[in-house]
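What follows is the content of coords-v4.cif (mmCIF, C-alpha atoms).
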```
data_target
#
loop_
_atom_site.group_PDB
_atom_site.id
_atom_site.type_symbol
_atom_site.label_atom_id
_atom_site.label_comp_id
_atom_site.auth_asym_id
_atom_site.auth_seq_id
_atom_site.Cartn_x
_atom_site.Cartn_y
_atom_site.Cartn_z
ATOM 1 C CA PHE A 1 -2.392 22.004 -15.516
ATOM 2 C CA VAL A 2 -5.293 20.076 -17.053
ATOM 3 C CA TYR A 3 -8.356 19.706 -14.865
ATOM 4 C CA CYS A 4 -11.768 18.275 -15.492
ATOM 5 C CA THR A 5 -14.452 20.926 -15.886
ATOM 6 C CA MET A 6 -17.276 18.384 -16.104
ATOM 7 C CA THR A 7 -19.394 17.479 -13.098
ATOM 8 C CA SER A 8 -19.511 13.757 -13.884
ATOM 9 C CA PRO A 9 -16.618 11.323 -14.433
ATOM 10 C CA THR A 10 -14.882 11.356 -17.785
ATOM 11 C CA VAL A 11 -12.608 8.779 -19.376
ATOM 12 C CA VAL A 12 -9.345 9.392 -21.179
ATOM 13 C CA ASP A 13 -6.797 7.146 -22.873
ATOM 14 C CA ILE A 14 -3.232 8.266 -22.169
ATOM 15 C CA PRO A 15 -0.420 7.013 -24.413
ATOM 16 C CA ASN A 16 2.877 5.947 -22.848
ATOM 17 C CA GLU A 17 5.231 4.693 -25.539
ATOM 18 C CA LYS A 18 3.507 1.514 -26.815
ATOM 19 C CA ALA A 19 1.112 1.207 -23.883
ATOM 20 C CA THR A 20 -2.159 3.087 -23.478
ATOM 21 C CA ILE A 21 -3.503 3.802 -20.003
ATOM 22 C CA HIS A 22 -7.278 3.969 -19.615
ATOM 23 C CA ALA A 23 -8.146 6.463 -16.884
ATOM 24 C CA THR A 24 -11.348 7.718 -15.288
ATOM 25 C CA VAL A 25 -11.328 11.274 -13.937
ATOM 26 C CA HIS A 26 -13.702 12.211 -11.129
ATOM 27 C CA PRO A 27 -13.884 16.023 -10.865
ATOM 28 C CA SER A 28 -13.659 17.784 -7.536
ATOM 29 C CA LYS A 29 -17.013 18.841 -6.135
ATOM 30 C CA SER A 30 -15.483 21.801 -4.304
ATOM 31 C CA LYS A 31 -13.621 23.573 -7.085
ATOM 32 C CA GLN A 32 -12.820 23.168 -10.740
ATOM 33 C CA ASP A 33 -9.835 25.356 -11.398
ATOM 34 C CA ALA A 34 -6.062 25.133 -11.454
ATOM 35 C CA SER A 35 -5.879 25.168 -7.642
ATOM 36 C CA VAL A 36 -7.504 21.758 -7.239
ATOM 37 C CA GLU A 37 -5.143 18.980 -6.149
ATOM 38 C CA SER A 38 -5.192 15.529 -7.748
ATOM 39 C CA ILE A 39 -5.021 12.067 -6.234
ATOM 40 C CA LEU A 40 -4.190 8.912 -8.205
ATOM 41 C CA LEU A 41 -5.742 5.614 -7.116
ATOM 42 C CA LEU A 42 -3.752 2.389 -7.591
ATOM 43 C CA HIS A 43 -5.712 -0.864 -7.645
ATOM 44 C CA GLY A 44 -4.473 -4.236 -6.480
ATOM 45 C CA GLY A 45 -3.694 -7.586 -8.009
ATOM 46 C CA PRO A 46 -1.517 -7.113 -9.909
ATOM 47 C CA GLY A 47 -4.051 -7.125 -12.692
ATOM 48 C CA VAL A 48 -7.255 -6.893 -10.621
ATOM 49 C CA PRO A 49 -9.028 -3.560 -11.231
ATOM 50 C CA GLU A 50 -11.123 -1.928 -8.535
ATOM 51 C CA PRO A 51 -12.972 1.248 -9.584
ATOM 52 C CA PHE A 52 -12.908 2.668 -6.025
ATOM 53 C CA SER A 53 -16.355 4.211 -6.465
ATOM 54 C CA GLU A 54 -16.941 4.591 -2.720
ATOM 55 C CA LEU A 55 -13.511 6.125 -2.170
ATOM 56 C CA ALA A 56 -13.844 8.516 -5.113
ATOM 57 C CA GLU A 57 -17.154 9.743 -3.718
ATOM 58 C CA ILE A 58 -15.406 10.709 -0.467
ATOM 59 C CA LEU A 59 -12.274 12.185 -2.003
ATOM 60 C CA THR A 60 -13.973 14.386 -4.610
ATOM 61 C CA ALA A 61 -15.101 16.611 -1.753
ATOM 62 C CA LYS A 62 -11.637 18.122 -2.171
ATOM 63 C CA PHE A 63 -9.653 16.407 -4.926
ATOM 64 C CA GLN A 64 -9.720 15.647 -8.589
ATOM 65 C CA VAL A 65 -9.578 11.849 -8.436
ATOM 66 C CA ILE A 66 -7.824 9.907 -11.193
ATOM 67 C CA TYR A 67 -8.333 6.166 -11.321
ATOM 68 C CA PHE A 68 -6.703 4.034 -14.004
ATOM 69 C CA GLN A 69 -6.659 0.430 -15.104
ATOM 70 C CA GLN A 70 -3.033 -0.638 -14.941
ATOM 71 C CA ARG A 71 -1.157 -1.652 -18.076
ATOM 72 C CA GLY A 72 -2.536 -4.674 -19.878
ATOM 73 C CA THR A 73 -5.625 -4.737 -17.660
ATOM 74 C CA GLY A 74 -9.167 -3.947 -18.769
ATOM 75 C CA GLU A 75 -9.065 -1.277 -21.458
ATOM 76 C CA SER A 76 -5.403 -0.382 -20.873
ATOM 77 C CA SER A 77 -3.255 -1.934 -23.570
ATOM 78 C CA ASN A 78 0.315 -3.180 -23.330
ATOM 79 C CA PRO A 79 1.263 -4.689 -26.702
ATOM 80 C CA SER A 80 4.983 -4.675 -25.879
ATOM 81 C CA GLY A 81 4.425 -7.030 -22.931
ATOM 82 C CA ASP A 82 6.663 -4.860 -20.723
ATOM 83 C CA TYR A 83 5.575 -5.359 -17.121
ATOM 84 C CA SER A 84 8.777 -4.156 -15.464
ATOM 85 C CA MET A 85 8.540 -1.947 -12.400
ATOM 86 C CA GLU A 86 10.201 0.792 -14.450
ATOM 87 C CA ALA A 87 7.321 0.567 -16.930
ATOM 88 C CA TYR A 88 4.783 0.808 -14.109
ATOM 89 C CA ILE A 89 6.610 3.869 -12.751
ATOM 90 C CA SER A 90 6.543 5.452 -16.204
ATOM 91 C CA ASP A 91 2.750 4.985 -16.402
ATOM 92 C CA ILE A 92 2.219 7.196 -13.358
ATOM 93 C CA ASP A 93 4.620 9.753 -14.843
ATOM 94 C CA ALA A 94 2.677 9.671 -18.130
ATOM 95 C CA ILE A 95 -0.577 10.344 -16.278
ATOM 96 C CA ALA A 96 1.002 13.163 -14.279
ATOM 97 C CA ASN A 97 2.444 14.681 -17.446
ATOM 98 C CA HIS A 98 -0.883 14.408 -19.265
ATOM 99 C CA PHE A 99 -2.636 16.351 -16.526
ATOM 100 C CA GLY A 100 0.286 18.711 -15.905
ATOM 101 C CA LEU A 101 0.741 17.601 -12.294
ATOM 102 C CA ALA A 102 3.980 18.773 -10.718
ATOM 103 C CA LYS A 103 2.906 17.163 -7.434
ATOM 104 C CA PHE A 104 0.064 14.836 -6.563
ATOM 105 C CA HIS A 105 -1.238 12.388 -3.976
ATOM 106 C CA LEU A 106 -1.065 8.583 -4.259
ATOM 107 C CA PHE A 107 -3.517 6.092 -2.768
ATOM 108 C CA GLY A 108 -2.705 2.405 -3.212
ATOM 109 C CA HIS A 109 -4.497 -0.723 -2.032
ATOM 110 C CA SER A 110 -2.923 -4.206 -1.716
ATOM 111 C CA TRP A 111 -0.490 -4.592 -4.668
ATOM 112 C CA GLY A 112 -1.384 -0.968 -5.430
ATOM 113 C CA GLY A 113 0.015 -0.061 -2.007
ATOM 114 C CA LEU A 114 3.305 -1.704 -2.962
ATOM 115 C CA TYR A 115 3.163 0.005 -6.377
ATOM 116 C CA ALA A 116 2.788 3.327 -4.542
ATOM 117 C CA GLN A 117 5.880 2.575 -2.433
ATOM 118 C CA ILE A 118 7.896 1.622 -5.521
ATOM 119 C CA TYR A 119 6.914 4.899 -7.161
ATOM 120 C CA ALA A 120 7.615 6.889 -3.992
ATOM 121 C CA GLN A 121 11.131 5.468 -3.773
ATOM 122 C CA ALA A 122 11.785 6.487 -7.382
ATOM 123 C CA ASN A 123 10.148 9.930 -7.341
ATOM 124 C CA PRO A 124 9.612 11.136 -3.771
ATOM 125 C CA GLU A 125 9.716 14.799 -4.743
ATOM 126 C CA LYS A 126 6.562 14.449 -6.872
ATOM 127 C CA LEU A 127 4.330 13.318 -4.022
ATOM 128 C CA SER A 128 2.296 15.326 -1.537
ATOM 129 C CA THR A 129 0.960 12.342 0.426
ATOM 130 C CA VAL A 130 0.928 8.542 0.220
ATOM 131 C CA PHE A 131 -1.945 6.445 1.610
ATOM 132 C CA LEU A 132 -1.119 2.737 1.878
ATOM 133 C CA SER A 133 -4.243 0.631 2.399
ATOM 134 C CA SER A 134 -3.389 -2.988 3.293
ATOM 135 C CA PRO A 135 -0.247 -2.772 1.163
ATOM 136 C CA SER A 136 1.659 -5.835 0.023
ATOM 137 C CA SER A 137 4.737 -6.095 2.198
ATOM 138 C CA GLY A 138 7.561 -5.566 -0.275
ATOM 139 C CA THR A 139 9.423 -6.482 -3.438
ATOM 140 C CA ASN A 140 12.068 -9.141 -4.077
ATOM 141 C CA ASP A 141 12.148 -11.945 -1.467
ATOM 142 C CA LEU A 142 9.483 -10.202 0.606
ATOM 143 C CA TRP A 143 6.971 -10.443 -2.264
ATOM 144 C CA ALA A 144 7.522 -14.202 -2.453
ATOM 145 C CA GLU A 145 6.998 -14.426 1.315
ATOM 146 C CA THR A 146 3.824 -12.351 1.079
ATOM 147 C CA GLU A 147 2.378 -14.566 -1.649
ATOM 148 C CA LYS A 148 2.889 -17.629 0.560
ATOM 149 C CA GLU A 149 1.063 -15.880 3.406
ATOM 150 C CA VAL A 150 -1.897 -15.017 1.168
ATOM 151 C CA LEU A 151 -2.035 -18.608 -0.080
ATOM 152 C CA ALA A 152 -2.105 -19.811 3.529
ATOM 153 C CA TYR A 153 -4.902 -17.329 4.354
ATOM 154 C CA ASN A 154 -6.964 -18.602 1.427
ATOM 155 C CA GLN A 155 -6.434 -22.206 2.482
ATOM 156 C CA ARG A 156 -7.469 -21.481 6.088
ATOM 157 C CA ASN A 157 -10.609 -19.615 5.083
ATOM 158 C CA SER A 158 -11.924 -21.708 2.201
ATOM 159 C CA THR A 159 -13.373 -25.194 1.953
ATOM 160 C CA GLY A 160 -11.246 -27.998 0.558
ATOM 161 C CA TRP A 161 -13.231 -27.885 -2.694
ATOM 162 C CA GLU A 162 -12.838 -24.104 -2.989
ATOM 163 C CA PHE A 163 -9.091 -24.323 -2.406
ATOM 164 C CA LEU A 164 -8.810 -27.077 -5.011
ATOM 165 C CA LYS A 165 -10.686 -24.898 -7.506
ATOM 166 C CA MET A 166 -8.343 -22.006 -6.715
ATOM 167 C CA GLY A 167 -5.426 -24.247 -7.600
ATOM 168 C CA ILE A 168 -7.026 -25.324 -10.869
ATOM 169 C CA TYR A 169 -7.950 -21.761 -11.849
ATOM 170 C CA SER A 170 -4.483 -20.546 -10.899
ATOM 171 C CA LEU A 171 -2.839 -23.211 -13.057
ATOM 172 C CA LEU A 172 -5.042 -22.467 -16.059
ATOM 173 C CA GLY A 173 -4.546 -18.744 -15.528
ATOM 174 C CA ALA A 174 -0.788 -19.316 -15.599
ATOM 175 C CA PHE A 175 -1.289 -20.810 -19.071
ATOM 176 C CA GLY A 176 -2.915 -17.551 -20.161
ATOM 177 C CA TYR A 177 -6.632 -18.277 -19.888
ATOM 178 C CA ASP A 178 -8.351 -15.024 -18.910
ATOM 179 C CA TRP A 179 -11.559 -16.807 -17.851
ATOM 180 C CA ALA A 180 -9.575 -18.842 -15.318
ATOM 181 C CA ALA A 181 -7.933 -15.744 -13.830
ATOM 182 C CA GLN A 182 -11.382 -14.134 -13.600
ATOM 183 C CA SER A 183 -12.865 -17.212 -11.910
ATOM 184 C CA LEU A 184 -9.945 -17.352 -9.490
ATOM 185 C CA PHE A 185 -10.441 -13.806 -8.251
ATOM 186 C CA GLN A 186 -14.215 -14.167 -8.006
ATOM 187 C CA LEU A 187 -13.556 -17.035 -5.598
ATOM 188 C CA VAL A 188 -10.738 -15.251 -3.769
ATOM 189 C CA LEU A 189 -12.902 -12.161 -3.235
ATOM 190 C CA ALA A 190 -15.694 -14.317 -1.789
ATOM 191 C CA VAL A 191 -13.175 -15.776 0.692
ATOM 192 C CA TYR A 192 -11.926 -12.290 1.612
ATOM 193 C CA HIS A 193 -15.483 -11.193 2.429
ATOM 194 C CA ARG A 194 -16.516 -14.343 4.267
ATOM 195 C CA LYS A 195 -15.571 -13.404 7.839
ATOM 196 C CA HIS A 196 -16.474 -9.734 7.544
ATOM 197 C CA THR A 197 -19.351 -9.166 5.128
ATOM 198 C CA PRO A 198 -20.707 -12.622 4.235
ATOM 199 C CA GLU A 199 -23.940 -11.063 2.987
ATOM 200 C CA ILE A 200 -22.119 -9.393 0.084
ATOM 201 C CA VAL A 201 -23.227 -10.680 -3.325
ATOM 202 C CA ILE A 202 -20.341 -10.357 -5.763
ATOM 203 C CA ASP A 203 -21.252 -9.083 -9.219
ATOM 204 C CA PRO A 204 -19.512 -11.449 -11.678
ATOM 205 C CA ALA A 205 -18.976 -8.474 -14.007
ATOM 206 C CA PHE A 206 -16.355 -7.111 -11.595
ATOM 207 C CA SER A 207 -13.871 -9.631 -12.983
ATOM 208 C CA ASP A 208 -14.436 -8.866 -16.683
ATOM 209 C CA PRO A 209 -11.382 -6.526 -16.908
ATOM 210 C CA ILE A 210 -9.067 -9.147 -15.358
ATOM 211 C CA LYS A 211 -6.565 -10.633 -17.805
ATOM 212 C CA ALA A 212 -4.013 -13.346 -17.218
ATOM 213 C CA ALA A 213 -1.016 -11.651 -18.866
ATOM 214 C CA PRO A 214 -0.490 -8.757 -16.417
ATOM 215 C CA ILE A 215 -0.922 -11.129 -13.471
ATOM 216 C CA ASN A 216 1.511 -13.693 -14.829
ATOM 217 C CA GLN A 217 4.113 -11.256 -16.112
ATOM 218 C CA THR A 218 4.089 -8.651 -13.340
ATOM 219 C CA ARG A 219 4.625 -11.027 -10.422
ATOM 220 C CA PRO A 220 8.112 -12.221 -11.460
ATOM 221 C CA LYS A 221 9.126 -8.612 -12.159
ATOM 222 C CA ILE A 222 8.205 -7.693 -8.571
ATOM 223 C CA VAL A 223 10.483 -10.487 -7.352
ATOM 224 C CA GLU A 224 13.297 -9.321 -9.645
ATOM 225 C CA TYR A 225 13.028 -5.712 -8.496
ATOM 226 C CA LYS A 226 15.368 -4.365 -5.845
ATOM 227 C CA ALA A 227 14.238 -4.670 -2.247
ATOM 228 C CA LEU A 228 12.573 -1.674 -0.651
ATOM 229 C CA PRO A 229 14.501 -0.074 2.223
ATOM 230 C CA ASP A 230 13.968 -1.623 5.638
ATOM 231 C CA ILE A 231 13.429 1.854 7.041
ATOM 232 C CA VAL A 232 12.601 5.162 5.368
ATOM 233 C CA GLU A 233 13.662 7.535 8.131
ATOM 234 C CA THR A 234 12.320 10.668 6.505
ATOM 235 C CA ALA A 235 10.048 11.250 3.533
ATOM 236 C CA PRO A 236 9.037 14.560 1.919
ATOM 237 C CA TYR A 237 5.379 13.510 2.051
ATOM 238 C CA ASP A 238 2.923 12.451 4.767
ATOM 239 C CA ILE A 239 2.126 8.738 4.969
ATOM 240 C CA MET A 240 -0.990 6.916 6.174
ATOM 241 C CA LEU A 241 -0.730 3.144 6.608
ATOM 242 C CA THR A 242 -3.683 0.904 7.458
ATOM 243 C CA TYR A 243 -4.401 -2.800 7.741
ATOM 244 C CA GLY A 244 -7.472 -4.672 8.866
ATOM 245 C CA ASP A 245 -7.136 -6.646 12.096
ATOM 246 C CA GLY A 246 -8.187 -9.674 10.033
ATOM 247 C CA ASP A 247 -6.098 -8.897 6.962
ATOM 248 C CA ILE A 248 -4.700 -11.489 4.543
ATOM 249 C CA TYR A 249 -1.005 -11.130 5.436
ATOM 250 C CA GLY A 250 1.190 -12.811 8.021
ATOM 251 C CA PRO A 251 4.459 -11.772 9.697
ATOM 252 C CA SER A 252 5.685 -9.919 6.590
ATOM 253 C CA GLN A 253 3.148 -7.198 7.424
ATOM 254 C CA GLU A 254 5.432 -6.108 10.265
ATOM 255 C CA LYS A 255 8.075 -5.155 7.691
ATOM 256 C CA SER A 256 5.680 -2.621 6.166
ATOM 257 C CA LEU A 257 4.738 -1.234 9.558
ATOM 258 C CA ALA A 258 8.408 -0.816 10.508
ATOM 259 C CA ARG A 259 9.428 0.737 7.181
ATOM 260 C CA TYR A 260 7.872 4.138 7.838
ATOM 261 C CA PRO A 261 8.520 5.348 11.394
ATOM 262 C CA THR A 262 6.932 8.726 10.586
ATOM 263 C CA ALA A 263 3.695 7.240 9.206
ATOM 264 C CA LYS A 264 0.292 7.512 10.795
ATOM 265 C CA ILE A 265 -0.747 3.904 11.385
ATOM 266 C CA GLU A 266 -4.070 2.285 12.217
ATOM 267 C CA ILE A 267 -5.019 -1.379 12.444
ATOM 268 C CA ILE A 268 -8.730 -1.178 11.688
ATOM 269 C CA LYS A 269 -10.873 -3.279 14.007
ATOM 270 C CA ASP A 270 -13.444 -5.731 12.656
ATOM 271 C CA CYS A 271 -11.919 -5.430 9.207
ATOM 272 C CA GLY A 272 -10.344 -7.620 6.561
ATOM 273 C CA HIS A 273 -8.486 -6.735 3.382
ATOM 274 C CA ILE A 274 -11.082 -4.412 1.847
ATOM 275 C CA PRO A 275 -11.744 -1.708 4.425
ATOM 276 C CA TRP A 276 -14.256 0.399 2.467
ATOM 277 C CA ILE A 277 -16.528 -2.668 2.468
ATOM 278 C CA HIS A 278 -15.551 -4.463 5.692
ATOM 279 C CA ASN A 279 -15.589 -1.412 7.992
ATOM 280 C CA PRO A 280 -16.696 1.534 5.853
ATOM 281 C CA THR A 281 -17.546 3.816 8.769
ATOM 282 C CA ARG A 282 -14.083 3.676 10.323
ATOM 283 C CA PHE A 283 -12.299 3.722 6.983
ATOM 284 C CA GLU A 284 -14.187 6.818 5.868
ATOM 285 C CA ALA A 285 -13.273 8.532 9.133
ATOM 286 C CA ILE A 286 -9.570 7.712 8.610
ATOM 287 C CA VAL A 287 -9.635 8.982 5.026
ATOM 288 C CA LYS A 288 -11.407 12.209 5.967
ATOM 289 C CA SER A 289 -9.028 12.858 8.851
ATOM 290 C CA PHE A 290 -5.855 12.191 6.851
ATOM 291 C CA TYR A 291 -6.906 14.361 3.920
ATOM 292 C CA SER A 292 -8.523 17.067 6.086
ATOM 293 C CA LEU A 293 -11.915 16.612 4.495
ATOM 294 C CA GLU A 294 -13.871 17.656 7.580
#
```
Kindly return the structure encoded in the file as structure tokens.
Amino acid sequence: FVYCTMTSPTVVDIPNEKATIHATVHPSKSKQDASVESILLLHGGPGVPEPFSELAEILTAKFQVIYFQQRGTGESSNPSGDYSMEAYISDIDAIANHFGLAKFHLFGHSWGGLYAQIYAQANPEKLSTVFLSSPSSGTNDLWAETEKEVLAYNQRNSTGWEFLKMGIYSLLGAFGYDWAAQSLFQLVLAVYHRKHTPEIVIDPAFSDPIKAAPINQTRPKIVEYKALPDIVETAPYDIMLTYGDGDIYGPSQEKSLARYPTAKIEIIKDCGHIPWIHNPTRFEAIVKSFYSLE
């Protein structure tokens, strides 16, 4: 078992065949020995990093927290251009192997919540818990349905000019222009905040790690991947599943809610897609309760 003995975050580059995964390790504040448990944080997108600073601050009360930029994103390289779900699964295995983790916890937000489910289906025995925060609804046809719902949300909640710009940025991003993908998600994030925290000023630097390739090449691989089960009757790990009451999804969200009959579920009031910003007090309470941090 490899654990961080520093008191401040450290960065490490973890090789996985031709890819290199850039990870940030936040040490546990409670203990720094082989007994500390680890939790991996999976950001959304695909291809849109979120450092989870607020979440890491809460979780390090108990856990070693490992955040990583997914393959091809930010400082994580992917020269082979392999964005298959099998490759994504292997990245988590590479991180676990690097740190000597026989079992660990997974937290995933948005696409990261779907990524967590894909990994859990492949390697359920490696997981202690799974926290799904506003997860995308599913793979295969359900991913295509989810994308249409998110597009509809953006159209409803943006001006005509903003929605036109989204279309232009999306088209240019599809041609591989990183600046267009970055501009798209700056605009999308502003729309996500609008009804919940309109006072938020978005730092343009947040989008610097966004690259077009992982966005463009991951999405079709999600559609190609086998469908997740309609129902997972039993799982060898505890599951927490949350959405905001003003989240970005439509009817497909019900498929996620029905998939895990044993999960703890909460629809967070007065909350959109980013709960640690839109309703941080309630979200922190949910996290602390689920992980027994109080």
Problem set entry | Pick from A:Lys18, A:His193, A:Lys126, A:Lys29, whichever lies nearest to Asn157 of chain A using all atoms listed in the file | A:His193
Exercise. Can you list, as a ChimeraX atom specification, every protein, DNA or RNA residue that comes within 10 Å of Glu125 of chain A when you count all atoms listed in the file, leaving out same-chain residues fewer than 5 positions away?
Worked result: /A:102-104,120,235-237
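Shortest atom-to-atom contact with Asp270 of chain A among A:Gly244, A:Gly250, A:Gly74, A:Gly44: A:Gly244, counting only C-alpha atoms.
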For this session: Using the chain letters and numbering of this document, enumerate as a list in words the residues selected by the PyMOL selection byres ((chain A and resi 25) around 7).
Result: Pro9, Thr10, Val11, Ala23, Thr24, His26, Pro27, Val65, Ile66 and Tyr67 of chain A
Please enumerate the residues selected by the PyMOL selection byres ((chain A and resi 200-205) around 10) when evaluated against the supplied file, formatted as a tab-separated table (two decimals) with C-alpha atoms, keeping the file's coordinate frame.
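Saved result, part.tsv, follows:
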```
chain	number	residue	atom	x	y	z
A	182	GLN	CA	-11.38	-14.13	-13.60
A	183	SER	CA	-12.86	-17.21	-11.91
A	185	PHE	CA	-10.44	-13.81	-8.25
A	186	GLN	CA	-14.22	-14.17	-8.01
A	187	LEU	CA	-13.56	-17.04	-5.60
A	189	LEU	CA	-12.90	-12.16	-3.24
A	190	ALA	CA	-15.69	-14.32	-1.79
A	193	HIS	CA	-15.48	-11.19	2.43
A	194	ARG	CA	-16.52	-14.34	4.27
A	196	HIS	CA	-16.47	-9.73	7.54
A	197	THR	CA	-19.35	-9.17	5.13
A	198	PRO	CA	-20.71	-12.62	4.24
A	199	GLU	CA	-23.94	-11.06	2.99
A	206	PHE	CA	-16.36	-7.11	-11.60
A	207	SER	CA	-13.87	-9.63	-12.98
A	208	ASP	CA	-14.44	-8.87	-16.68
A	209	PRO	CA	-11.38	-6.53	-16.91
A	277	ILE	CA	-16.53	-2.67	2.47
A	278	HIS	CA	-15.55	-4.46	5.69
```
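Proximity of A:Asn78, A:Asn123, A:Thr242, A:Ser8 to Phe107 of chain A, computed with all atoms listed in the file, is greatest for A:Thr242.
With atom CA of Thr129 of chain A on one side and atom CA of His105 of chain A on the other, the separation reads 4.9 Å.
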